$ cat structure.tsv   # TSV, C-alpha atoms and all ligand atoms
chain	number	residue	atom	x	y	z
A	7	MET	CA	8.67	-52.70	-1.07
A	8	THR	CA	5.35	-52.36	-2.85
A	9	ALA	CA	2.82	-54.92	-1.63
A	10	ARG	CA	1.37	-57.12	-4.36
A	11	VAL	CA	-2.35	-57.72	-3.87
A	12	GLY	CA	-3.88	-60.56	-5.85
A	13	ILE	CA	-7.49	-60.40	-7.03
A	14	PRO	CA	-9.07	-63.60	-8.40
A	15	CYS	CA	-10.86	-62.79	-11.68
A	16	SER	CA	-14.08	-64.55	-10.81
A	17	LEU	CA	-17.28	-64.06	-8.77
A	18	LEU	CA	-17.66	-60.38	-7.84
A	19	TYR	CA	-14.58	-59.40	-9.86
A	20	PHE	CA	-16.99	-58.68	-12.74
A	21	LEU	CA	-18.84	-56.04	-10.72
A	22	TYR	CA	-16.25	-54.62	-8.37
A	23	TYR	CA	-12.82	-54.92	-9.94
A	24	PRO	CA	-12.65	-51.20	-10.86
A	25	THR	CA	-13.50	-50.34	-7.24
A	26	TRP	CA	-10.98	-52.74	-5.74
A	27	LYS	CA	-8.24	-51.91	-8.22
A	28	THR	CA	-8.61	-48.17	-7.63
A	29	PHE	CA	-8.61	-48.65	-3.87
A	30	PHE	CA	-5.46	-50.75	-3.68
A	31	LYS	CA	-3.62	-48.69	-6.27
A	32	GLU	CA	-4.39	-45.53	-4.30
A	33	LEU	CA	-2.90	-47.25	-1.25
A	34	GLY	CA	0.30	-47.71	-3.24
A	35	ALA	CA	-0.11	-51.46	-3.77
A	36	GLU	CA	0.43	-53.34	-6.99
A	37	VAL	CA	-2.77	-55.05	-8.07
A	38	ILE	CA	-2.33	-58.45	-9.69
A	39	PRO	CA	-5.43	-59.98	-11.28
A	40	SER	CA	-5.43	-63.72	-11.97
A	41	GLY	CA	-6.32	-63.22	-15.63
A	42	ASP	CA	-8.93	-64.66	-17.97
A	43	THR	CA	-10.30	-68.11	-17.23
A	44	THR	CA	-8.65	-70.95	-19.12
A	45	ARG	CA	-9.14	-74.72	-19.16
A	46	GLU	CA	-6.07	-75.04	-16.89
A	47	ILE	CA	-7.51	-72.63	-14.30
A	48	LEU	CA	-10.82	-74.47	-14.30
A	49	ASP	CA	-9.05	-77.84	-13.94
A	50	LEU	CA	-7.04	-76.50	-10.99
A	51	GLY	CA	-10.26	-75.37	-9.32
A	52	VAL	CA	-12.06	-78.64	-9.95
A	53	LYS	CA	-9.13	-80.47	-8.35
A	54	GLU	CA	-9.07	-78.29	-5.22
A	55	ALA	CA	-12.73	-77.52	-4.51
A	56	LEU	CA	-15.34	-79.82	-3.00
A	57	ALA	CA	-16.85	-82.06	-5.64
A	58	ASP	CA	-20.38	-80.84	-4.99
A	59	ALA	CA	-19.55	-77.11	-5.15
A	60	CYS	CA	-21.13	-75.07	-7.95
A	61	VAL	CA	-18.97	-74.45	-10.98
A	62	PRO	CA	-18.29	-70.71	-10.22
A	63	ILE	CA	-16.88	-71.65	-6.81
A	64	LYS	CA	-14.68	-74.35	-8.35
A	65	LEU	CA	-13.48	-71.79	-10.84
A	66	TYR	CA	-12.72	-69.28	-8.09
A	67	PHE	CA	-10.47	-71.85	-6.42
A	68	GLY	CA	-8.56	-72.17	-9.69
A	69	HIS	CA	-8.09	-68.40	-9.89
A	70	VAL	CA	-6.80	-68.37	-6.31
A	71	GLN	CA	-4.38	-71.17	-7.11
A	72	VAL	CA	-2.76	-69.25	-10.00
A	73	LEU	CA	-2.15	-66.28	-7.70
A	74	ILE	CA	-0.46	-68.29	-4.97
A	75	GLY	CA	3.28	-67.67	-5.07
A	76	ARG	CA	2.85	-64.51	-7.18
A	77	VAL	CA	1.38	-62.13	-4.59
A	78	ASP	CA	1.92	-60.98	-1.01
A	79	TYR	CA	-1.79	-60.77	-0.16
A	80	LEU	CA	-4.99	-62.20	-1.53
A	81	PHE	CA	-8.06	-59.97	-1.47
A	82	ILE	CA	-10.99	-62.26	-0.67
A	83	PRO	CA	-13.68	-60.18	1.00
A	84	ARG	CA	-16.59	-61.77	2.81
A	85	VAL	CA	-19.38	-60.01	0.96
A	86	VAL	CA	-22.59	-60.40	2.94
A	87	CYS	CA	-24.95	-57.58	2.02
A	88	LEU	CA	-24.51	-54.49	-0.12
A	89	ASN	CA	-28.10	-53.26	-0.38
A	90	LYS	CA	-29.51	-53.57	3.16
A	91	GLU	CA	-32.19	-55.99	1.96
A	92	THR	CA	-30.78	-59.23	0.59
A	93	THR	CA	-27.64	-61.22	1.25
A	94	TYR	CA	-25.20	-62.95	-1.05
A	95	CYS	CA	-25.46	-66.72	-1.20
A	96	PRO	CA	-23.83	-68.72	1.65
A	97	LYS	CA	-20.86	-69.59	-0.58
A	98	PHE	CA	-19.89	-65.90	-0.64
A	99	LEU	CA	-20.21	-65.69	3.13
A	100	GLY	CA	-17.88	-68.62	3.67
A	101	LEU	CA	-15.49	-67.90	0.82
A	102	PRO	CA	-12.42	-66.79	2.86
A	103	ASP	CA	-12.85	-69.79	5.20
A	104	MET	CA	-13.15	-72.24	2.33
A	105	ILE	CA	-10.00	-70.84	0.73
A	106	ARG	CA	-8.05	-70.76	3.97
A	107	HIS	CA	-8.90	-74.36	4.81
A	108	THR	CA	-8.30	-75.73	1.32
A	109	PHE	CA	-4.88	-74.38	0.45
A	110	ARG	CA	-1.96	-75.15	2.74
A	111	LYS	CA	0.47	-72.40	1.80
A	112	ILE	CA	-1.31	-69.23	0.93
A	113	PRO	CA	-0.41	-65.58	1.36
A	114	PRO	CA	-2.31	-63.65	4.08
A	115	LEU	CA	-5.93	-63.09	3.16
A	116	ILE	CA	-7.49	-59.65	3.28
A	117	ASP	CA	-10.91	-61.01	4.19
A	118	VAL	CA	-12.86	-58.00	5.39
A	119	ARG	CA	-16.57	-58.43	6.00
A	120	MET	CA	-18.85	-56.22	3.89
A	121	ASP	CA	-22.31	-55.92	5.37
A	122	VAL	CA	-24.02	-52.55	5.02
A	123	ARG	CA	-26.74	-53.57	7.51
A	124	GLU	CA	-24.15	-52.95	10.24
A	125	GLY	CA	-24.41	-49.17	9.88
A	126	TRP	CA	-24.15	-46.27	7.45
A	127	ASN	CA	-20.35	-46.39	7.39
A	128	ALA	CA	-19.94	-50.19	7.41
A	129	LEU	CA	-18.47	-50.25	3.93
A	130	ALA	CA	-15.96	-47.51	4.69
A	131	LYS	CA	-14.96	-49.44	7.81
A	132	ALA	CA	-14.46	-52.64	5.80
A	133	TYR	CA	-12.17	-50.83	3.37
A	134	GLU	CA	-10.37	-49.23	6.29
A	135	GLN	CA	-9.59	-52.69	7.66
A	136	ALA	CA	-8.31	-53.73	4.25
A	137	GLY	CA	-6.00	-50.71	4.17
A	138	LEU	CA	-4.82	-51.28	7.75
A	139	ALA	CA	-3.92	-54.86	6.82
A	140	LEU	CA	-1.39	-53.34	4.43
A	141	GLY	CA	-0.12	-50.95	7.11
A	142	VAL	CA	-1.38	-47.80	5.36
A	143	PRO	CA	-2.28	-44.68	7.45
A	144	ARG	CA	-5.98	-43.93	7.97
A	145	GLY	CA	-5.89	-40.61	6.04
A	146	THR	CA	-4.54	-42.33	2.92
A	147	ILE	CA	-7.13	-45.08	3.27
A	148	ALA	CA	-9.98	-42.55	3.48
A	149	ARG	CA	-8.76	-40.82	0.29
A	150	ALA	CA	-8.39	-44.17	-1.50
A	151	PHE	CA	-11.91	-45.16	-0.43
A	152	ARG	CA	-13.40	-41.94	-1.87
A	153	LYS	CA	-11.58	-42.52	-5.17
A	154	ALA	CA	-12.68	-46.15	-5.25
A	155	MET	CA	-16.31	-45.13	-4.76
A	156	ALA	CA	-15.98	-42.57	-7.58
A	157	ALA	CA	-14.56	-45.30	-9.85
A	158	GLU	CA	-17.45	-47.56	-8.87
A	159	ARG	CA	-20.01	-44.88	-9.80
A	160	ARG	CA	-18.34	-44.32	-13.20
A	161	PHE	CA	-18.28	-48.07	-13.84
A	162	PHE	CA	-21.93	-48.61	-12.92
A	163	SER	CA	-23.03	-45.64	-15.01
A	164	LEU	CA	-21.29	-47.24	-18.02
A	165	LEU	CA	-23.23	-50.45	-17.32
A	166	GLN	CA	-26.43	-48.42	-17.24
A	167	ASP	CA	-25.46	-46.95	-20.62
A	168	GLY	CA	-25.61	-50.47	-22.04
A	169	TRP	CA	-22.00	-51.61	-21.79
A	170	GLN	CA	-21.11	-54.95	-20.32
A	171	PRO	CA	-18.57	-55.15	-17.46
A	172	LEU	CA	-15.53	-56.12	-19.53
A	173	GLU	CA	-16.35	-53.40	-22.07
A	174	ALA	CA	-16.84	-50.87	-19.28
A	175	MET	CA	-13.49	-51.85	-17.74
A	176	HIS	CA	-11.89	-51.35	-21.14
A	177	ILE	CA	-13.48	-47.90	-21.44
A	178	LEU	CA	-12.23	-46.93	-17.99
A	179	THR	CA	-8.65	-47.93	-18.78
A	180	ALA	CA	-8.38	-47.13	-22.51
A	181	GLY	CA	-10.78	-44.18	-22.52
A	182	THR	CA	-12.33	-45.28	-25.83
A	183	PRO	CA	-15.47	-47.36	-26.25
A	184	PRO	CA	-15.22	-50.58	-28.28
A	185	HIS	CA	-17.20	-50.81	-31.51
A	186	LYS	CA	-20.87	-51.54	-30.90
A	187	ARG	CA	-23.27	-52.88	-33.52
A	188	LYS	CA	-27.05	-52.56	-33.40
A	189	GLY	CA	-28.82	-55.89	-33.81
A	190	ARG	CA	-32.17	-56.58	-35.45
A	191	LEU	CA	-33.12	-58.74	-32.50
A	192	VAL	CA	-32.64	-57.87	-28.85
A	193	PHE	CA	-32.22	-60.66	-26.31
A	194	ALA	CA	-31.80	-60.47	-22.56
A	195	VAL	CA	-29.26	-62.87	-21.13
A	196	LEU	CA	-30.02	-63.28	-17.44
A	197	GLY	CA	-27.79	-64.93	-14.90
A	198	TYR	CA	-25.03	-64.32	-12.42
A	199	PRO	CA	-22.32	-61.93	-13.61
A	200	TYR	CA	-19.55	-64.47	-13.02
A	201	LEU	CA	-21.28	-66.91	-15.34
A	202	ILE	CA	-22.37	-64.77	-18.22
A	203	TYR	CA	-19.37	-62.42	-18.44
A	204	ASP	CA	-16.73	-65.11	-18.07
A	205	GLN	CA	-16.08	-65.93	-21.72
A	206	TYR	CA	-14.67	-69.36	-20.97
A	207	ILE	CA	-17.21	-70.74	-18.56
A	208	SER	CA	-20.18	-69.30	-20.49
A	209	VAL	CA	-18.74	-70.81	-23.67
A	210	GLY	CA	-18.82	-67.28	-25.10
A	211	VAL	CA	-22.63	-66.99	-25.10
A	212	LEU	CA	-22.62	-63.18	-25.35
A	213	ALA	CA	-20.04	-63.09	-28.14
A	214	ARG	CA	-21.85	-65.84	-30.06
A	215	LEU	CA	-25.16	-63.98	-29.92
A	216	LYS	CA	-23.51	-60.75	-31.03
A	217	LYS	CA	-21.84	-62.60	-33.90
A	218	MET	CA	-25.29	-63.83	-34.96
A	219	GLY	CA	-26.46	-60.20	-35.08
A	220	VAL	CA	-28.35	-60.24	-31.78
A	221	GLU	CA	-28.06	-57.27	-29.46
A	222	VAL	CA	-27.74	-58.36	-25.85
A	223	ILE	CA	-28.82	-56.75	-22.64
A	224	THR	CA	-28.09	-58.11	-19.18
A	225	VAL	CA	-29.28	-57.49	-15.63
A	226	GLU	CA	-26.55	-54.90	-15.09
A	227	ASN	CA	-27.90	-52.80	-17.99
A	228	LEU	CA	-31.36	-52.49	-16.43
A	229	PRO	CA	-32.35	-49.60	-14.14
A	230	LEU	CA	-31.73	-50.81	-10.60
A	231	ARG	CA	-34.44	-48.65	-9.02
A	232	ALA	CA	-37.06	-50.03	-11.41
A	233	LEU	CA	-35.91	-53.56	-10.63
A	234	TYR	CA	-36.26	-52.99	-6.91
A	235	ARG	CA	-39.80	-51.69	-7.46
A	236	GLN	CA	-40.67	-54.63	-9.68
A	237	SER	CA	-43.16	-57.05	-8.15
A	238	VAL	CA	-42.30	-60.73	-8.62
A	239	HIS	CA	-45.57	-62.15	-7.28
A	240	LEU	CA	-43.97	-64.01	-4.40
A	241	ASP	CA	-45.17	-63.92	-0.80
A	242	LYS	CA	-41.61	-63.49	0.38
A	243	ARG	CA	-38.61	-61.80	-1.17
A	244	LEU	CA	-35.80	-64.11	-2.26
A	245	PHE	CA	-32.94	-63.96	0.25
A	246	TRP	CA	-30.07	-63.99	-2.22
A	247	THR	CA	-29.01	-60.75	-3.87
A	248	LEU	CA	-28.08	-62.05	-7.29
A	249	GLY	CA	-30.96	-64.53	-7.61
A	250	ASP	CA	-33.39	-61.83	-6.50
A	251	LEU	CA	-32.05	-59.48	-9.18
A	252	VAL	CA	-32.37	-62.12	-11.89
A	253	MET	CA	-35.98	-62.77	-10.88
A	254	ARG	CA	-36.81	-59.07	-10.87
A	255	ALA	CA	-35.10	-58.53	-14.21
A	256	ALA	CA	-37.10	-61.35	-15.79
A	257	HIS	CA	-40.41	-60.00	-14.49
A	258	TYR	CA	-39.47	-56.47	-15.56
A	259	LEU	CA	-38.59	-57.63	-19.07
A	260	PHE	CA	-41.62	-59.88	-19.48
A	261	ARG	CA	-43.85	-57.04	-18.37
A	262	HIS	CA	-42.30	-54.35	-20.54
A	263	ARG	CA	-41.92	-56.67	-23.53
A	264	ARG	CA	-39.01	-54.68	-24.94
A	265	ILE	CA	-37.11	-57.73	-26.05
A	266	ASP	CA	-37.36	-60.56	-28.53
A	267	GLY	CA	-36.14	-63.37	-26.28
A	268	ILE	CA	-34.80	-64.22	-22.85
A	269	ILE	CA	-32.02	-66.69	-22.12
A	270	HIS	CA	-31.38	-67.74	-18.55
A	271	LEU	CA	-27.88	-69.00	-17.91
A	272	THR	CA	-27.75	-71.15	-14.84
A	273	ALA	CA	-24.88	-72.82	-12.99
A	274	PHE	CA	-24.94	-76.56	-12.44
A	275	GLY	CA	-24.80	-77.26	-8.71
A	276	CYS	CA	-26.18	-73.83	-7.72
A	277	GLY	CA	-28.57	-74.11	-4.77
A	278	PRO	CA	-30.35	-70.75	-5.26
A	279	ASP	CA	-30.71	-71.40	-8.99
A	280	SER	CA	-32.71	-74.56	-8.41
A	281	LEU	CA	-35.41	-72.23	-7.07
A	282	VAL	CA	-34.82	-69.25	-9.38
A	283	SER	CA	-34.87	-71.43	-12.51
A	284	LYS	CA	-38.18	-72.96	-11.52
A	285	PHE	CA	-39.75	-69.55	-10.85
A	286	LEU	CA	-38.45	-68.24	-14.17
A	287	GLU	CA	-39.89	-71.20	-16.05
A	288	MET	CA	-43.27	-70.56	-14.43
A	289	THR	CA	-43.08	-66.85	-15.29
A	290	ALA	CA	-42.11	-67.67	-18.87
A	291	HIS	CA	-45.04	-70.04	-19.08
A	292	GLU	CA	-47.38	-67.21	-18.13
A	293	ASN	CA	-45.77	-64.85	-20.67
A	294	GLN	CA	-45.50	-66.96	-23.75
A	295	SER	CA	-45.23	-64.04	-26.15
A	296	VAL	CA	-41.54	-63.69	-25.20
A	297	PRO	CA	-39.50	-66.80	-26.14
A	298	PHE	CA	-37.51	-68.17	-23.22
A	299	MET	CA	-34.68	-70.66	-22.97
A	300	SER	CA	-32.66	-71.90	-20.02
A	301	LEU	CA	-29.06	-73.06	-20.46
A	302	SER	CA	-27.24	-74.90	-17.69
A	303	ILE	CA	-23.49	-74.50	-17.55
A	304	ASP	CA	-21.09	-76.91	-15.87
A	305	GLU	CA	-17.37	-77.61	-16.07
A	306	HIS	CA	-17.96	-79.99	-18.99
A	307	SER	CA	-20.16	-77.70	-21.12
A	308	GLY	CA	-19.05	-78.22	-24.68
A	309	GLU	CA	-18.94	-75.49	-27.32
A	310	ALA	CA	-20.85	-77.53	-29.87
A	311	GLY	CA	-23.83	-78.24	-27.59
A	312	ILE	CA	-24.22	-74.63	-26.48
A	313	ALA	CA	-23.70	-73.25	-30.00
A	314	THR	CA	-26.36	-75.57	-31.44
A	315	ARG	CA	-28.93	-74.62	-28.84
A	316	LEU	CA	-28.23	-70.91	-29.29
A	317	GLU	CA	-28.48	-71.13	-33.06
A	318	ALA	CA	-31.74	-73.06	-32.83
A	319	PHE	CA	-33.19	-70.49	-30.42
A	320	VAL	CA	-32.14	-67.53	-32.59
A	321	ASP	CA	-33.51	-69.28	-35.66
A	322	MET	CA	-36.83	-69.93	-33.96
A	323	VAL	CA	-37.16	-66.27	-32.87
A	324	CYS	CA	-36.22	-65.06	-36.37
A	325	ARG	CA	-38.96	-67.15	-37.92
A	326	LYS	CA	-41.49	-65.98	-35.36
A	327	LYS	CA	-40.59	-62.34	-35.95
A	328	GLU	CA	-40.04	-62.80	-39.67
A	329	VAL	CA	-36.64	-61.21	-39.33
A	330	CYS	CA	-33.50	-62.16	-41.29
A	331	LEU	CA	-30.16	-61.65	-39.56
A	401	LIG	S1	-25.40	-68.20	-6.20
A	401	LIG	FE1	-25.18	-70.30	-6.99
A	401	LIG	S2	-23.59	-70.14	-8.55
A	401	LIG	FE2	-23.41	-68.35	-7.24
A	401	LIG	S3	-21.93	-68.91	-5.70
A	401	LIG	FE3	-23.95	-69.33	-4.85
A	401	LIG	S4	-24.31	-71.48	-5.30
A	401	LIG	FE4	-22.64	-70.81	-6.62
$ encode --input "structure.tsv" --output "structure tokens" --more "lines below"
Ligand code: SF4
Amino acid sequence: MTARVGIPCSLLYFLYYPTWKTFFKELGAEVIPSGDTTREILDLGVKEALADACVPIKLYFGHVQVLIGRVDYLFIPRVVCLNKETTYCPKFLGLPDMIRHTFRKIPPLIDVRMDVREGWNALAKAYEQAGLALGVPRGTIARAFRKAMAAERRFFSLLQDGWQPLEAMHILTAGTPPHKRKGRLVFAVLGYPYLIYDQYISVGVLARLKKMGVEVITVENLPLRALYRQSVHLDKRLFWTLGDLVMRAAHYLFRHRRIDGIIHLTAFGCGPDSLVSKFLEMTAHENQSVPFMSLSIDEHSGEAGIATRLEAFVDMVCRKKEVCL
């Protein structure tokens, strides 16, 4: 019987789903994603997760809950470090444990540890463990890993071409790019991928901006090498991979001034963001020629509030630039 592997559509799903899907499909498994976020999924997560967890973690719990009973395995990797320099936030490190100890009846977890600081082939070894958990021979796993890495390269090159993750996933499966419109204003929306690309939890910020005629770029569209070279004027590098990238992206954009505005989307209850947001505000204060706004998202964020703030920000930038959308 084909093993059904469930993948929660939250957290690193937005960056690594094409990799994971290719890998498990090549192993002969059926990949079952939990689907787009809905109010029901969020409510399930809020009910199960610790009250003081950040909203993306609560949401992840909801995505896990909808997969329980529908799959034979849950793929919940312990992603520690993928760049040899920074680590993912502690919530990522403890994710499989939190899930295991919250839900009573869950399918077996494939909870391999991904930490590339453990050696040049640490990632391949992690995927090998994932394949062995399904009882697949090593040769098949090695082939699946190579194909998964090729899918990952294709996906990331689409992001570098200016597509956003869900658009890039569509291109990979449908083969045709969605319609793209040039805007008269270009904004950067900075934040964690699982916040800004999740249409429900972000209250559709990207789609709303596009509808208002604003072209949007995100961290994933920026050249990674340039970001890693970017100085952020701190004595010490930030520990957390995603927060570090957001900081670098903001400094890169403020310095190159290629944009008309920057919006920082931050998660209520996020420990790293309490620091990142403060640093970004200070950087914005020093670079006042680029308008900056910070939006905090929580499980109660209402459409009307977010829409009003976005419209006011776009309106303010239009007046400043003397542009009509
Ligand atoms: S970085 Fe912040 S939002 Fe993301 S999982 Fe960690 S605490 Fe939550």
$ closest_residue --input "structure.tsv" --among "A:Ile116, A:Ile13, A:Ile74, A:Leu244" --to "ligand LIG 401 (chain A)" --atoms "all atoms listed in the file"
A:Leu244
$ residues_around --input "structure.tsv" --residues "A:Cys60" --least-positions-apart "2" --cutoff "8 Å" --atoms "all atoms listed in the file" --output "PyMOL selection string"
chain A and resi 58+62-64+273-276
$ residues_near_ligand --input "structure.tsv" --ligand "ligand LIG 401 (chain A)" --cutoff "8 Å" --atoms "all atoms listed in the file" --output "VMD selection string"
chain A and resid 17 59 to 63 94 to 98 198 200 to 201 246 248 to 249 272 to 279
$ residues_around --input "structure.tsv" --residues "A:Ile265" --least-positions-apart "5" --cutoff "12 Å" --atoms "all atoms listed in the file" --output "PyMOL selection string"
chain A and resi 189-195+220-224+256+258-260+295-298+323+327
$ closest_residue --input "structure.tsv" --among "A:Met7, A:Leu172, A:Ala255, A:Leu240" --to "A:Tyr22" --atoms "all atoms listed in the file"
A:Leu172
$ atom_distance --input "structure.tsv" --atom1 "atom CA of A:Val70" --atom2 "atom CA of A:Pro14"
5.7 Å
$ closest_residue --input "structure.tsv" --among "A:Lys27, A:His291, A:Arg45, A:His107" --to "A:Ala157" --atoms "only C-alpha atoms"
A:Lys27
$ atom_distance --input "structure.tsv" --atom1 "atom CA of A:Glu91" --atom2 "atom CA of A:Tyr23"
22.8 Å
$ closest_residue --input "structure.tsv" --among "A:Val252, A:Ile82, A:Ile177, A:Ile38" --to "A:Phe67" --atoms "only C-alpha atoms"
A:Ile82
$ atom_distance --input "structure.tsv" --atom1 "atom CA of A:Phe162" --atom2 "atom CA of A:Pro24"
9.9 Å
$ closest_residue --input "structure.tsv" --among "A:Thr289, A:Asn227, A:Thr43, A:Thr93" --to "A:Gly168" --atoms "all atoms listed in the file"
A:Asn227
$ closest_residue --input "structure.tsv" --among "A:Glu287, A:Glu32, A:Asp49, A:Glu317" --to "A:Ile147" --atoms "only C-alpha atoms"
A:Glu32
$ residues_around --input "structure.tsv" --residues "A:Arg159" --least-positions-apart "4" --cutoff "12 Å" --atoms "all atoms listed in the file" --output "compact mmCIF listing (two decimals) with C-alpha atoms, keeping the file's coordinate frame"
# COMPACT_ATOMS: atom_id res chain seq x y z
CA LEU A 21 -18.84 -56.04 -10.72
CA TYR A 22 -16.25 -54.62 -8.37
CA PRO A 24 -12.65 -51.20 -10.86
CA THR A 25 -13.50 -50.34 -7.24
CA ARG A 152 -13.40 -41.94 -1.87
CA LYS A 153 -11.58 -42.52 -5.17
CA ALA A 154 -12.68 -46.15 -5.25
CA MET A 155 -16.31 -45.13 -4.76
CA SER A 163 -23.03 -45.64 -15.01
CA LEU A 164 -21.29 -47.24 -18.02
CA LEU A 165 -23.23 -50.45 -17.32
CA GLN A 166 -26.43 -48.42 -17.24
CA ALA A 174 -16.84 -50.87 -19.28
CA LEU A 178 -12.23 -46.93 -17.99
$ axis_aligned_box --input "structure.tsv" --around "stretch 78-84 of chain A" --padding-each-side "5 Å" --output "AutoDock Vina command-line options"
--center_x -7.3 --center_y -61.1 --center_z 0.6 --size_x 28.5 --size_y 12.3 --size_z 14.3
$ build_atoms --input "structure.tsv" --residues "stretch 170-186 of chain A" --atoms "N, CA and C atoms" --output "short mmCIF file (atom, residue, chain, number, x, y, z; two decimals), in the coordinates of the input"
data_model
loop_
_atom_site.label_atom_id
_atom_site.label_comp_id
_atom_site.auth_asym_id
_atom_site.auth_seq_id
_atom_site.Cartn_x
_atom_site.Cartn_y
_atom_site.Cartn_z
N GLN A 170 -21.27 -53.82 -21.22
CA GLN A 170 -21.11 -54.95 -20.32
C GLN A 170 -19.81 -54.79 -19.52
N PRO A 171 -19.69 -55.45 -18.36
CA PRO A 171 -18.57 -55.15 -17.46
C PRO A 171 -17.19 -55.12 -18.11
N LEU A 172 -16.88 -56.12 -18.96
CA LEU A 172 -15.53 -56.12 -19.53
C LEU A 172 -15.34 -54.94 -20.49
N GLU A 173 -16.42 -54.57 -21.19
CA GLU A 173 -16.35 -53.40 -22.07
C GLU A 173 -16.18 -52.13 -21.23
N ALA A 174 -16.94 -52.06 -20.14
CA ALA A 174 -16.84 -50.87 -19.28
C ALA A 174 -15.45 -50.75 -18.66
N MET A 175 -14.86 -51.89 -18.29
CA MET A 175 -13.49 -51.85 -17.74
C MET A 175 -12.52 -51.35 -18.81
N HIS A 176 -12.75 -51.79 -20.03
CA HIS A 176 -11.89 -51.35 -21.14
C HIS A 176 -12.03 -49.83 -21.32
N ILE A 177 -13.26 -49.34 -21.26
CA ILE A 177 -13.48 -47.90 -21.44
C ILE A 177 -12.77 -47.12 -20.33
N LEU A 178 -12.86 -47.64 -19.11
CA LEU A 178 -12.23 -46.93 -17.99
C LEU A 178 -10.71 -46.88 -18.13
N THR A 179 -10.12 -47.95 -18.68
CA THR A 179 -8.65 -47.93 -18.78
C THR A 179 -8.18 -47.31 -20.09
N ALA A 180 -8.85 -47.64 -21.20
CA ALA A 180 -8.38 -47.13 -22.51
C ALA A 180 -8.99 -45.78 -22.85
N GLY A 181 -10.13 -45.47 -22.24
CA GLY A 181 -10.78 -44.18 -22.52
C GLY A 181 -11.62 -44.18 -23.78
N THR A 182 -11.54 -45.25 -24.58
CA THR A 182 -12.33 -45.28 -25.83
C THR A 182 -13.29 -46.46 -25.80
N PRO A 183 -14.52 -46.24 -26.24
CA PRO A 183 -15.47 -47.36 -26.25
C PRO A 183 -15.18 -48.33 -27.39
N PRO A 184 -15.39 -49.63 -27.17
CA PRO A 184 -15.22 -50.58 -28.28
C PRO A 184 -16.35 -50.40 -29.29
N HIS A 185 -16.17 -50.95 -30.48
CA HIS A 185 -17.20 -50.81 -31.51
C HIS A 185 -18.47 -51.54 -31.08
N LYS A 186 -19.62 -50.91 -31.30
CA LYS A 186 -20.87 -51.54 -30.90
C LYS A 186 -21.81 -51.57 -32.11
#
